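As structure tokens, the structure follows; a few thoughts come after it.
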Amino acid sequence: MKRSMQKTLALLCLLGSAAVFYFFVWGEYDQYVAESDRLATLERSREDARETLRSLEDLEEIVESPGVQAELTRYAGPFREDFIIDSILGWPREIEIGNISIGQGQRLPNGLSLAHVTLSIQVPTIEILNSYLDYLTDPNAPRRYIVKNLSFGYDAAGNRDFSVSLSLGMYYFDAP
């Protein structure tokens with residue numbers, strides 16, 4: 001009986017020691033798991049930041065190229081009616097401009113704004129109209145327009161000038 005009592009007492013001491021060990025170590029283990037999770041989260045964040053940095057460096061390399069720089073400088077200026085009027089009236093041909101309407105438009109999701117320009121013009125020939133449209137949409141011009149709408153009644157006999165209603169758009173950057 002003494003032997004069985006010793007075994008029971010040893011088992012109780014062992015279980016008690018295990019319980020005390022468990023309660024003391026559990027807090028440390030819980031803290032270790034939390035810190036491991038935090039470390040894993042921080043490493044994922046660091047990898048995401050590195051990936052973002054790589055993509056920004058690639059974008060910077062693209063932006064630094066001369067062709068893109070030329071495109072960016074075209075949109076770098078603010079909305080200026082005098083520049084728009086100078087570019088529209090700067091074409092020295094036989095076009096009579098009747099009305100000009102210029103509006104700032106609104107900011108687009110890409111950060112640029114789209115100005116609205118509407119013209120009412122008199123043109124003697126379709127060739128001159130085509131040349132004027134080429135002038136307005138020239139990719140190398142400091143102000144480049146997009147043709148949003150073009151409407152005219154054309155006399156095929158070419159006996160007289162014809163009226164053209166022209167709706168243009170012009171992208172520009174205006175700081176918020």
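In the structure tokens, chains take the letters A, B, ... in the order shown, each chain's residues start at 1, and ligands count up from 1 in the order shown.
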Show which residues sit within 8 Å of Ser151 in chain A, as a VMD selection string. Count only C-alpha atoms, and ignore same-chain residues fewer than 6 positions away.
-> chain A and resid 164 to 166
Residues near Ile128 in chain A, cut-off 12 Å, only C-alpha atoms, skip fewer than 2 positions along chain, as a short mmCIF file (atom, residue, chain, number, x, y, z; two decimals) with N, CA and C atoms, in the first residue's frame:
```cif
data_model
loop_
_atom_site.label_atom_id
_atom_site.label_comp_id
_atom_site.auth_asym_id
_atom_site.auth_seq_id
_atom_site.Cartn_x
_atom_site.Cartn_y
_atom_site.Cartn_z
N TRP A 91 -4.74 79.36 -86.99
CA TRP A 91 -4.62 78.66 -88.27
C TRP A 91 -4.93 79.65 -89.40
N PRO A 92 -3.94 79.97 -90.23
CA PRO A 92 -4.11 81.05 -91.21
C PRO A 92 -4.72 80.60 -92.54
N ARG A 93 -5.96 80.18 -92.54
CA ARG A 93 -6.63 79.79 -93.77
C ARG A 93 -7.96 80.49 -93.90
N GLU A 94 -8.72 80.15 -94.93
CA GLU A 94 -9.97 80.82 -95.26
C GLU A 94 -11.15 80.31 -94.46
N ILE A 95 -11.01 80.22 -93.19
CA ILE A 95 -12.12 79.78 -92.34
C ILE A 95 -12.64 80.98 -91.58
N GLU A 96 -13.94 81.14 -91.59
CA GLU A 96 -14.57 82.20 -90.81
C GLU A 96 -15.16 81.58 -89.56
N ILE A 121 -18.31 77.49 -87.64
CA ILE A 121 -17.40 78.05 -88.64
C ILE A 121 -18.01 77.95 -90.03
N GLN A 122 -17.50 78.79 -90.94
CA GLN A 122 -17.83 78.76 -92.36
C GLN A 122 -16.58 78.30 -93.10
N VAL A 123 -16.74 77.29 -93.94
CA VAL A 123 -15.61 76.69 -94.64
C VAL A 123 -15.92 76.65 -96.14
N PRO A 124 -14.95 77.06 -97.02
CA PRO A 124 -15.21 77.05 -98.46
C PRO A 124 -15.18 75.65 -99.08
N THR A 125 -14.26 74.76 -98.61
CA THR A 125 -14.14 73.43 -99.22
C THR A 125 -13.95 72.37 -98.14
N ILE A 126 -14.25 71.15 -98.50
CA ILE A 126 -14.09 70.03 -97.57
C ILE A 126 -12.60 69.79 -97.29
N ASN A 130 -10.86 69.50 -93.66
CA ASN A 130 -10.00 68.39 -93.25
C ASN A 130 -8.65 68.89 -92.76
N SER A 131 -8.08 69.89 -93.42
CA SER A 131 -6.80 70.45 -92.99
C SER A 131 -6.92 71.11 -91.62
N TYR A 132 -8.02 71.81 -91.39
CA TYR A 132 -8.24 72.45 -90.10
C TYR A 132 -8.40 71.41 -88.99
N LEU A 133 -9.11 70.34 -89.28
CA LEU A 133 -9.25 69.27 -88.29
C LEU A 133 -7.91 68.59 -88.01
N ASP A 134 -7.09 68.42 -89.05
CA ASP A 134 -5.75 67.88 -88.85
C ASP A 134 -4.92 68.81 -87.96
N TYR A 135 -5.06 70.11 -88.17
CA TYR A 135 -4.35 71.10 -87.36
C TYR A 135 -4.79 71.01 -85.90
N ASP A 161 -19.85 78.60 -99.47
CA ASP A 161 -19.29 78.11 -98.21
C ASP A 161 -20.36 77.32 -97.46
N PHE A 162 -19.93 76.40 -96.63
CA PHE A 162 -20.89 75.66 -95.83
C PHE A 162 -20.59 75.85 -94.35
N VAL A 164 -20.30 74.72 -90.46
CA VAL A 164 -19.88 73.54 -89.72
C VAL A 164 -20.05 73.83 -88.24
#
```
Work out how far CA of Gly153 in chain A is from CA of Ile102 in chain A, in Å to one decimal.
-> 23.3 Å
Have a look at A:Leu150, A:Ala115, A:Met5, A:Leu39 and name the one nearest to Arg80 in chain A; count only C-alpha atoms.
->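 The answer is A:Ala115, which sits nearest to Arg80 in chain A.
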Report the residues of range 29-163 of chain A whose backbone DSSP state falls under alpha helix (DSSP H), written as a PyMOL selection string.
-> chain A and resi 29-63+66-75+81-89+126-136
Let's have the selection written as a short mmCIF file (atom, residue, chain, number, x, y, z; two decimals), in the first residue's frame, with C-alpha atoms.
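Written output follows (again.cif):
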```cif
data_model
loop_
_atom_site.label_atom_id
_atom_site.label_comp_id
_atom_site.auth_asym_id
_atom_site.auth_seq_id
_atom_site.Cartn_x
_atom_site.Cartn_y
_atom_site.Cartn_z
CA TYR A 29 3.17 30.77 -25.43
CA ASP A 30 0.17 32.98 -26.15
CA GLN A 31 2.43 36.01 -26.42
CA TYR A 32 4.79 34.04 -28.70
CA VAL A 33 1.91 33.10 -31.04
CA ALA A 34 0.65 36.69 -31.11
CA GLU A 35 4.12 38.03 -31.89
CA SER A 36 4.59 35.37 -34.58
CA ASP A 37 1.31 36.41 -36.20
CA ARG A 38 2.29 40.07 -35.98
CA LEU A 39 5.69 39.28 -37.51
CA ALA A 40 4.05 37.37 -40.38
CA THR A 41 1.66 40.29 -40.98
CA LEU A 42 4.52 42.78 -40.98
CA GLU A 43 6.51 40.62 -43.40
CA ARG A 44 3.50 40.45 -45.75
CA SER A 45 3.14 44.22 -45.48
CA ARG A 46 6.83 44.66 -46.23
CA GLU A 47 6.54 42.41 -49.29
CA ASP A 48 3.49 44.37 -50.47
CA ALA A 49 5.42 47.62 -49.96
CA ARG A 50 8.38 46.22 -51.90
CA GLU A 51 6.06 45.19 -54.75
CA THR A 52 4.48 48.64 -54.75
CA LEU A 53 7.93 50.22 -54.77
CA ARG A 54 8.96 48.04 -57.73
CA SER A 55 5.84 49.01 -59.67
CA LEU A 56 6.39 52.70 -58.85
CA GLU A 57 10.02 52.45 -60.00
CA ASP A 58 8.82 50.85 -63.24
CA LEU A 59 6.26 53.63 -63.64
CA GLU A 60 8.92 56.25 -62.93
CA GLU A 61 11.11 54.72 -65.63
CA ILE A 62 8.21 54.89 -68.08
CA VAL A 63 7.40 58.49 -67.11
CA PRO A 66 11.14 61.41 -73.64
CA GLY A 67 7.94 60.41 -75.44
CA VAL A 68 5.92 60.30 -72.24
CA GLN A 69 7.50 63.55 -71.03
CA ALA A 70 6.27 65.26 -74.18
CA GLU A 71 2.76 63.91 -73.56
CA LEU A 72 2.82 65.03 -69.93
CA THR A 73 3.92 68.58 -70.71
CA ARG A 74 0.95 68.91 -73.04
CA TYR A 75 -1.40 68.46 -70.09
CA GLU A 81 -9.11 80.46 -72.40
CA ASP A 82 -6.53 82.72 -74.05
CA PHE A 83 -4.33 79.74 -74.99
CA ILE A 84 -7.34 77.90 -76.36
CA ILE A 85 -8.49 80.88 -78.42
CA ASP A 86 -4.95 81.47 -79.71
CA SER A 87 -4.66 77.86 -80.83
CA ILE A 88 -8.08 77.87 -82.51
CA LEU A 89 -7.54 81.20 -84.27
CA ILE A 126 -14.09 70.03 -97.57
CA GLU A 127 -10.30 69.89 -98.07
CA ILE A 128 -9.82 73.03 -95.97
CA LEU A 129 -12.10 71.57 -93.29
CA ASN A 130 -10.00 68.39 -93.25
CA SER A 131 -6.80 70.45 -92.99
CA TYR A 132 -8.24 72.45 -90.10
CA LEU A 133 -9.25 69.27 -88.29
CA ASP A 134 -5.75 67.88 -88.85
CA TYR A 135 -4.35 71.10 -87.36
CA LEU A 136 -6.59 70.86 -84.28
#
```
Per DSSP on the backbone, what are the strand (DSSP E) residues of chain A, as a ChimeraX atom specification?
-> /A:96-107,113-123,146-152,162-172
Go through A:Pro109, A:Ser163, A:Leu119, A:Tyr172 one by one, measure the shortest atom-to-atom distance of each to Val147 in chain A using only C-alpha atoms, and give the residue with the smallest value.
-> A:Leu119
